[in-house]
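Scroll down for the structure; my scribbles are underneath it.
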Amino acid sequence: MHDRMYGNVQRGDVDWSVLAKLLPYLWQFRARVGLALSLLILAKLANVGVPVSLKHIVDSLDKSLVTQAIAVPIAMVAAYGVLRFSSVAFGELRDAVFGRVAERTLSRLGLTVFEHLHRLDLEYHLSRKTGGLSRDIERGTSGVSFLLRSLVFSVVPILVEVALVIGIFAVQFDLVFVWITLFAVVVYVLFSVVVTNWRTVFVRDANLKDSKANTRAIDSLLNYETVKYFNNEAYEARLYASNLLEREQAKVKNHLSLAALNSGQALIIAASIAVMMLIAAQQVKDGVMTLGDLAMINALMIQVFIPLNALGFVYREMKRALADVEGMFDILELTPTVNDVPDAELLPGDADGIEFDNVSFAYHPERPILRNVSFKIPAGKKVAIVGPSGAGKSTIARLLFRFYEVSAGNISVGGHKISTLTQDSLRAAIGVVPQDTVLFNDTLRENIRYGRPDASEQEILDASEHAMLTDFIAKLPKGYDTLVGERGLKVSGGEKQRVAIARALLKQPRIFLFDEATSSLDSRTEQAINQSLQTIAHEHTTLVIAHRLSTVVDCDEIIVLEEGQIVERGSHRDLLQQSGRYHDMWQVQMQSDMD
């Protein structure tokens, strides 16, 4: 299902259309980009003017020419200095103007990716690999930064400078210099393109191996306790070492191919300069050119080949950056399977009650989870769903919260089909306490406040008291300011669930959904919290997903689910009198508690 929905992209050559996707981000700052380009052109004009002023300086000092006034070389030297400084000054101003554009663009693109990841449905997040995803985004943003700067400050100025130098050669010197320059440029560009395309496979392989090694390391660290439970530190180290070796071999191939590219480019440049200098020296000897002309040609060749060398670097790095950016834009092209319909409505404020009408669902077509499940929870009533593991209890919770769309049937809240509602308005009406609570690496206060970020301090204290957290927090040296650690590893499972309960209470929803909410609590704490929940859930519609039957005896109705179908339903007393599946489950748990 994952491959079908999200499609593992099989890339061939680099997709240059990615460049077009960056234009909307630049267009937002078109005035600044235009100013930066203007400064860039001024910088290049000043840069090309430097060799021209150098020619006049050399000619004015050549004693074989008519004696010049001393003011001429001084003026030329001054002009040379002004042009040299202007080239640098305009370049720095250009960077200053465009710097804000690049950073703001990266910020907006990063926010776009972040928001899009939160829009993707649960199926994607259950299948993704966090380490590889984070590295793809990191490389993608770095690639975007390079592409933005190279497009504005490398490609255009290089073309402008090469055109200016060739124009000067064509006007002032023998056309042989033009042809040599054009030949060198064409050969250099073709060589760079061909070799860079050849080595792209090594770049991608290095990136793949790098992501694989990073994913393994992060997965291992996230499962630190599991590694310790099974004494598998050495096993994890061997796996990581194997991944590092693969990455090392891929990186070496990448470096060797880069060395071949650099060597070839250097050979083309050196040969072209040698030929041009040989011709220029011969023309000076024949009196066709002055020493100033020779100096200017030498300087202009440097003006051509320095940016030309940069052009090879830019193309090479653009290929690498595009390969990196593709991964990030692939994420943006993913489409969630759960979407609001075009005319989705807001759930009315007074809507209450839940109804499942012949609901069927399967994560995979060959493995159905729910089969024609129907039940109602009237407004203000409390209904529990119990059954063995794998019966589909938690799937019902996920469907109600619309993490998935039903395969058949309908789910309604307050008489409104949830498929016609906006996801935001539906989820705002439901407070969830999940079985597996994950906390943010922040303080206890902020983790509780997450239920409603604008809650007051007193509301946080009240929610904590109802969730039986007050005594626990009072014993902590830093109280509510205690950091819980990454994923809440510094607090116990029971404490995490109490924080989750406090969050849900703070949200003040109309509907409560408890998915094994007290499964990690001891019997005494469970009883106390259940009493608190009964008080809080009074006059609220409540759906309880439970494995421990002692938590649901007070429910208005208990639904027994088995293999995705409802096999029994009724109150606790009625179900015990039926001596059916619920009765057997109750006897097993009572015996287990006695043991």
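By order in the structure tokens, chains are A, B, ...; within a chain, residues start at 1; ligands start at 1, following the order shown.
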Item to check | For Ser38 (chain A): contacts at 12 Å, only C-alpha atoms, fewer than 3 positions along chain excluded, given as a ChimeraX atom specification | outcome: /A:31-35,41-45,90-91,93-95,97-98,152-153,156-157
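If you count only C-alpha atoms and ignore residues fewer than 5 places along the chain from region 240-256 of chain A, what sits within 7 Å of it is Phe202, Val203, Asp205, Ala206, Lys209, Asp210, Lys212, Ala213, Arg216 and Ala217 of chain A.
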Item to check | Polymer residues at most 7 Å from Ala344 (chain A), only C-alpha atoms, same-chain spacing of 2 or more positions, as a VMD selection string | outcome: chain A and resid 340 to 342 346 420 to 422
Checklist entry - So which residues touch region 563-576 of chain A within 9 Å, counting only C-alpha atoms, skipping near sequence neighbours fewer than 2 positions away, as a VMD selection string? => result chain A and resid 360 to 361 368 to 374 387 to 388 390 to 393 552 to 561 578 to 584 586
Checklist entry - When distances are computed from only C-alpha atoms, which of A:Ala280, A:Ile297, A:Val544, A:Val325 shows the smallest separation from Val383 (chain A)? => result A:Val544
Checklist entry - Contacts of region 468-474 of chain A at 10 Å or less, counting only C-alpha atoms, minus same-chain residues fewer than 2 places along, as a PyMOL selection string? => result chain A and resi 444-445+461-466+476-482+495-496+498-499+501-502+525-526+528-529+532
Item to check | Backbone-only DSSP, helix (DSSP H, G or I) members of region 397-544 of chain A, as JSON, numbers by chain | outcome: {"A": [397, 398, 399, 400, 418, 419, 420, 423, 424, 425, 426, 427, 428, 444, 445, 446, 447, 448, 449, 457, 458, 459, 460, 461, 462, 463, 464, 465, 466, 470, 471, 472, 473, 474, 479, 480, 481, 486, 487, 488, 493, 494, 495, 496, 497, 498, 499, 500, 501, 502, 503, 504, 505, 506, 507, 523, 524, 525, 526, 527, 528, 529, 530, 531, 532, 533, 534, 535, 536]}
Using only C-alpha atoms, what table do you get, as a Markdown table, when you list each residue of region 279-351 of chain A with an atom no more than 12 Å from region 161-184 of chain A, its nearest pair of atoms, and their distance in Å rounded to one decimal, rows by chain then rising number?
```
| residue | atom | partner | partner_atom | distance |
| --- | --- | --- | --- | --- |
| A:Ile279 | CA | A:Phe177 | CA | 8.6 |
| A:Ala280 | CA | A:Phe177 | CA | 8.8 |
| A:Gln283 | CA | A:Asp174 | CA | 9.7 |
| A:Val284 | CA | A:Phe173 | CA | 11.8 |
| A:Val288 | CA | A:Phe173 | CA | 9.5 |
| A:Met289 | CA | A:Phe173 | CA | 8.5 |
| A:Thr290 | CA | A:Phe173 | CA | 11.2 |
| A:Asp293 | CA | A:Phe173 | CA | 8.7 |
| A:Leu294 | CA | A:Phe173 | CA | 10.4 |
| A:Met296 | CA | A:Phe169 | CA | 10.0 |
| A:Ile297 | CA | A:Phe169 | CA | 8.1 |
| A:Asn298 | CA | A:Phe177 | CA | 11.3 |
| A:Ala299 | CA | A:Val165 | CA | 10.1 |
| A:Leu300 | CA | A:Val165 | CA | 6.4 |
| A:Met301 | CA | A:Val165 | CA | 8.1 |
| A:Ile302 | CA | A:Val165 | CA | 10.1 |
| A:Gln303 | CA | A:Val165 | CA | 7.5 |
| A:Val304 | CA | A:Val162 | CA | 5.6 |
| A:Phe305 | CA | A:Val162 | CA | 8.7 |
| A:Ile306 | CA | A:Val162 | CA | 10.1 |
| A:Pro307 | CA | A:Glu161 | CA | 7.8 |
| A:Leu308 | CA | A:Val162 | CA | 7.9 |
| A:Asn309 | CA | A:Ala184 | CA | 11.3 |
| A:Ala310 | CA | A:Val162 | CA | 11.9 |
| A:Leu311 | CA | A:Val162 | CA | 10.7 |
```
Next on the checklist: Could you check the closest approach to Phe191 (chain A) for each of A:Arg510, A:Arg104, A:Gly264, A:Pro365 and tell me which residue wins, using only C-alpha atoms?
Outcome noted: A:Gly264
Checklist entry - Which residues, written as a list in words, have at least one atom at most 12 Å from Ala429 (chain A), with only C-alpha atoms counted and residues fewer than 5 positions away on the same chain left out? => result Leu346, Leu347, Pro348, Gly349, Asp350, Ala351, Asp352, Gly353, Ile354, Leu400, Phe401, Val413, Gly414, Ile418, Leu421, Thr422, Gln423, Asp424, Ala504, Lys507, Gln508, Pro509, Arg510, Ile511, Phe512, Leu513, His540, Thr541 and Thr542 of chain A
Item to check | Shell of 9 Å around Ser142 (chain A), only C-alpha atoms, local chain residues under 2 positions omitted, as JSON, numbers by chain | outcome: {"A": [106, 137, 138, 139, 140, 144, 145, 146, 147, 321, 324, 325]}
Checklist entry - Among region 326-454 of chain A, which ones does DSSP place in strand (DSSP E or B), written as a ChimeraX atom specification? => result /A:345,354-364,367-377,382-386,408-413,416-417,421,430-433,443
Selection export as a compact mmCIF listing (two decimals), in the first residue's frame, atoms kept: C-alpha atoms:
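Written file, result02.txt:
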```
# COMPACT_ATOMS: atom_id res chain seq x y z
CA GLU A 345 -18.29 21.83 6.38
CA ILE A 354 -21.24 9.05 17.43
CA GLU A 355 -22.62 6.52 14.98
CA PHE A 356 -20.85 3.76 13.02
CA ASP A 357 -23.08 2.52 10.20
CA ASN A 358 -21.97 -0.78 8.58
CA VAL A 359 -18.33 0.28 8.67
CA SER A 360 -15.77 -1.97 7.01
CA PHE A 361 -12.06 -1.29 6.74
CA ALA A 362 -8.82 -2.95 5.63
CA TYR A 363 -5.26 -1.67 5.71
CA HIS A 364 -4.60 -4.13 2.88
CA ARG A 367 -6.56 -8.56 5.24
CA PRO A 368 -9.87 -6.99 6.39
CA ILE A 369 -9.84 -5.50 9.88
CA LEU A 370 -13.46 -4.39 10.43
CA ARG A 371 -16.54 -6.02 8.91
CA ASN A 372 -19.92 -4.28 8.91
CA VAL A 373 -19.52 -2.72 12.34
CA SER A 374 -22.54 -0.72 13.51
CA PHE A 375 -23.16 0.98 16.87
CA LYS A 376 -24.32 4.28 18.32
CA ILE A 377 -23.07 6.35 21.23
CA LYS A 382 -20.17 6.22 27.64
CA VAL A 383 -19.53 3.17 25.49
CA ALA A 384 -16.62 0.75 25.68
CA ILE A 385 -15.16 -1.52 23.03
CA VAL A 386 -13.32 -4.58 24.31
CA ALA A 408 -17.35 0.96 3.27
CA GLY A 409 -20.12 2.41 5.40
CA ASN A 410 -20.25 5.74 7.20
CA ILE A 411 -19.18 7.33 10.48
CA SER A 412 -21.19 10.26 11.80
CA VAL A 413 -20.73 12.77 14.62
CA HIS A 416 -22.92 14.71 10.22
CA LYS A 417 -20.88 12.26 8.15
CA LEU A 421 -16.46 17.68 7.56
CA ILE A 430 -12.35 14.97 20.14
CA GLY A 431 -9.95 14.60 23.04
CA VAL A 432 -7.72 11.53 22.73
CA VAL A 433 -5.71 9.69 25.35
CA THR A 443 9.12 20.60 30.50
```
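For the residues A:Thr141, A:Val406, A:Met318, A:Val201, ranking by smallest atom-to-atom distance to Thr112 (chain A) using only C-alpha atoms places A:Thr141 first.
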